[in-house]
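I have placed the structure first, in the form of structure tokens, so that the comments after it can refer back to it.
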Amino acid sequence: MGFLERIEEQPGAAELRAESYRLLGLKRGASVVDVGCGAGHAAEELAALRLKVTGLDADPEAVEAARTRVPGAMFHVAHSDDLPLADESMDGYRAVRLFHLLEDPVPTIAEAYRVLRPGGRIVVGGQDYGFLLIDSSDQDLTDVILLGLESRSVAPRAVRNLRDLLLDAGFRDAEVVVHTDVVTDYAAMAPQLAAAATAAVDKALITRDDADGWLAEQKERGRRDRFLTVLPTLLVSARR
């Protein structure tokens with residue numbers, strides 16, 4: 001559960017969640033489902049907006065943590081392509097940081113369409129790992145390491161297709177918003193950098209010496225206040 005906590009407490013995470021709520025545009029008392037709810041950070045904030053919140057996640061530990069965080073909300077252990085919700089029962093649907101985990105997103109989008117009422121709002125999104133930027137004196141090596149990071153996800157570039165998928169499923173009035181986090185704090189990104197370098201080594205894209213040298217450079221950049229990472233997140237909203 002520590003990983004889920006860290007993700008939602010990273011720089012810019014609260015602002016990203018707030019942007020997704022703005023795109024939902026739901027009025028007090030409306031019903032909303034947060035799919036891939038994790039430890040319940042968004043569910044807690046949606047409940048504070050006086051919305052009727054249902055959270056779903058495939059991870060039982062995440063759901064238990066979310067129930068503890070938001071006792072007044074409803075939570076279920078469920079997969080995004082098989083929601084325990086009635087047809088046309090929700091005013092809003094939110095799923096962020098989910099689609100890079102899915103081999104086939106089409107059934108998930110179809111389920112979203114099914115559970116939303118006519119006129120209901122959907123917001124989906126996440127990071128497209130092909131857009132990440134990390135400054136380095138060896139940009140070619142950095143690009144290979146980012147390929148290693150992509151290898152850790154089932155569908156690292158899935159979110160760039162979400163607008164197409166929503167329109168194909170029958171949603172309308174699709175809008176794409178790019179939320180960009182600029183991180184200059186090395187310590188905030190150090191675990192992700194190490195994971196990316198290790199993944200590149202595991203995939204035989206680089207040697208361990210390459211990885212260690214690159215990580216040492218990033219640490220030194222942090223020490224000299226020269227560290228820079230840019231993390232774009234795409235949010236796509238539409239109406240049923």
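Going through the structure tokens in order, the chains are called A, B, and so on, while each chain numbers its residues from 1 and the ligands are numbered from 1 in the order shown.
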
Select from range 43-173 of chain A everything DSSP, run on the backbone, classes as helix (DSSP H, G or I), then give the selection as a count of residues only.
55

Taking 3 positions as the minimum chain separation for residues in the same chain, which residues sit within 9 Å of range 223-236 of chain A when counting only C-alpha atoms? Answer as a PyMOL selection string.
chain A and resi 16+19-20+23+96+122-129+131-136+159-160+162-163+166+174-186+189+218-220

Could you pull out the strand (DSSP E or B) residues of range 112-169 of chain A, going by DSSP on the backbone, and write them as an MDAnalysis selection string?
chainID A and resid 116:127 133:134

Just-selected residues, N, CA, C and O atoms written as a PDB file, in the first residue's frame:
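That gives us again.pdb:
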```
ATOM      1  N   LEU A 116     -23.211   4.539 -17.057  1.00  0.00           N
ATOM      2  CA  LEU A 116     -23.534   5.963 -17.027  1.00  0.00           C
ATOM      3  C   LEU A 116     -24.947   6.226 -17.534  1.00  0.00           C
ATOM      4  O   LEU A 116     -25.413   5.617 -18.505  1.00  0.00           O
ATOM      5  N   ARG A 117     -25.611   7.166 -16.883  1.00  0.00           N
ATOM      6  CA  ARG A 117     -26.905   7.614 -17.366  1.00  0.00           C
ATOM      7  C   ARG A 117     -26.716   8.463 -18.625  1.00  0.00           C
ATOM      8  O   ARG A 117     -25.655   9.061 -18.821  1.00  0.00           O
ATOM      9  N   PRO A 118     -27.729   8.544 -19.479  1.00  0.00           N
ATOM     10  CA  PRO A 118     -27.646   9.474 -20.609  1.00  0.00           C
ATOM     11  C   PRO A 118     -27.341  10.882 -20.105  1.00  0.00           C
ATOM     12  O   PRO A 118     -27.968  11.362 -19.158  1.00  0.00           O
ATOM     13  N   GLY A 119     -26.353  11.514 -20.697  1.00  0.00           N
ATOM     14  CA  GLY A 119     -25.914  12.822 -20.231  1.00  0.00           C
ATOM     15  C   GLY A 119     -24.831  12.767 -19.172  1.00  0.00           C
ATOM     16  O   GLY A 119     -24.273  13.801 -18.798  1.00  0.00           O
ATOM     17  N   GLY A 120     -24.535  11.552 -18.680  1.00  0.00           N
ATOM     18  CA  GLY A 120     -23.510  11.401 -17.656  1.00  0.00           C
ATOM     19  C   GLY A 120     -22.121  11.723 -18.198  1.00  0.00           C
ATOM     20  O   GLY A 120     -21.869  11.646 -19.402  1.00  0.00           O
ATOM     21  N   ARG A 121     -21.214  12.076 -17.289  1.00  0.00           N
ATOM     22  CA  ARG A 121     -19.871  12.512 -17.669  1.00  0.00           C
ATOM     23  C   ARG A 121     -18.837  11.440 -17.342  1.00  0.00           C
ATOM     24  O   ARG A 121     -18.909  10.776 -16.308  1.00  0.00           O
ATOM     25  N   ILE A 122     -17.865  11.294 -18.228  1.00  0.00           N
ATOM     26  CA  ILE A 122     -16.741  10.379 -18.024  1.00  0.00           C
ATOM     27  C   ILE A 122     -15.439  11.170 -18.103  1.00  0.00           C
ATOM     28  O   ILE A 122     -15.305  12.077 -18.924  1.00  0.00           O
ATOM     29  N   VAL A 123     -14.503  10.827 -17.219  1.00  0.00           N
ATOM     30  CA  VAL A 123     -13.144  11.354 -17.278  1.00  0.00           C
ATOM     31  C   VAL A 123     -12.184  10.184 -17.121  1.00  0.00           C
ATOM     32  O   VAL A 123     -12.230   9.468 -16.116  1.00  0.00           O
ATOM     33  N   VAL A 124     -11.336   9.981 -18.113  1.00  0.00           N
ATOM     34  CA  VAL A 124     -10.346   8.903 -18.079  1.00  0.00           C
ATOM     35  C   VAL A 124      -8.993   9.499 -18.432  1.00  0.00           C
ATOM     36  O   VAL A 124      -8.901  10.551 -19.072  1.00  0.00           O
ATOM     37  N   GLY A 125      -7.935   8.830 -18.026  1.00  0.00           N
ATOM     38  CA  GLY A 125      -6.626   9.359 -18.368  1.00  0.00           C
ATOM     39  C   GLY A 125      -5.495   8.673 -17.641  1.00  0.00           C
ATOM     40  O   GLY A 125      -5.664   7.635 -16.998  1.00  0.00           O
ATOM     41  N   GLY A 126      -4.337   9.274 -17.765  1.00  0.00           N
ATOM     42  CA  GLY A 126      -3.134   8.741 -17.148  1.00  0.00           C
ATOM     43  C   GLY A 126      -1.913   9.238 -17.892  1.00  0.00           C
ATOM     44  O   GLY A 126      -2.006  10.039 -18.834  1.00  0.00           O
ATOM     45  N   GLN A 127      -0.750   8.770 -17.485  1.00  0.00           N
ATOM     46  CA  GLN A 127       0.497   9.152 -18.137  1.00  0.00           C
ATOM     47  C   GLN A 127       0.711   8.333 -19.404  1.00  0.00           C
ATOM     48  O   GLN A 127       0.479   7.128 -19.413  1.00  0.00           O
ATOM     49  N   LEU A 133       9.939  13.165 -20.029  1.00  0.00           N
ATOM     50  CA  LEU A 133      11.197  13.849 -20.320  1.00  0.00           C
ATOM     51  C   LEU A 133      12.056  13.865 -19.067  1.00  0.00           C
ATOM     52  O   LEU A 133      11.587  14.246 -17.994  1.00  0.00           O
ATOM     53  N   ILE A 134      13.299  13.433 -19.200  1.00  0.00           N
ATOM     54  CA  ILE A 134      14.280  13.522 -18.124  1.00  0.00           C
ATOM     55  C   ILE A 134      15.541  14.153 -18.708  1.00  0.00           C
ATOM     56  O   ILE A 134      16.095  13.655 -19.686  1.00  0.00           O
TER      57      ILE A 134
END
```

With distances taken over only C-alpha atoms, the candidate from A:Cys37, A:Ala14, A:Ala66, A:Leu149 nearest Ser80 in chain A is A:Cys37

Nearby residues (only C-alpha atoms) at most 10 Å from Glu61 in chain A, same-chain spacing under 5 positions excluded, as a PDB file with C-alpha atoms, in the first residue's frame:
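And here's selection31.pdb as it stands now:
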```pdb
ATOM      1  CA  MET A   1       0.000   0.000   0.000  1.00  0.00           C
ATOM      2  CA  GLY A  38      -6.459   2.752  -5.161  1.00  0.00           C
ATOM      3  CA  ALA A  39      -6.211   3.825  -1.538  1.00  0.00           C
ATOM      4  CA  ALA A  66      -9.972   3.053   0.802  1.00  0.00           C
ATOM      5  CA  ARG A  67     -12.743   1.869   3.112  1.00  0.00           C
ATOM      6  CA  VAL A  77     -13.325  -5.394  -5.299  1.00  0.00           C
TER       7      VAL A  77
END
```

What's around range 109-115 of chain A at 8 Å? Count only C-alpha atoms, leave out sequence neighbours fewer than 4 positions away in its own chain, and write the answer as a VMD selection string.
chain A and resid 80 to 83 85 to 90 93 105 122 165 to 166 169 to 171 240

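Between CA of Arg28 in chain A and CA of Lys52 in chain A lies a distance of 8.5 Å.
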
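The environment of Met74 in chain A within 7 Å, counting only C-alpha atoms and disregarding residues fewer than 5 places along the same chain, consists of Val53, Thr54 and Gly55 of chain A.
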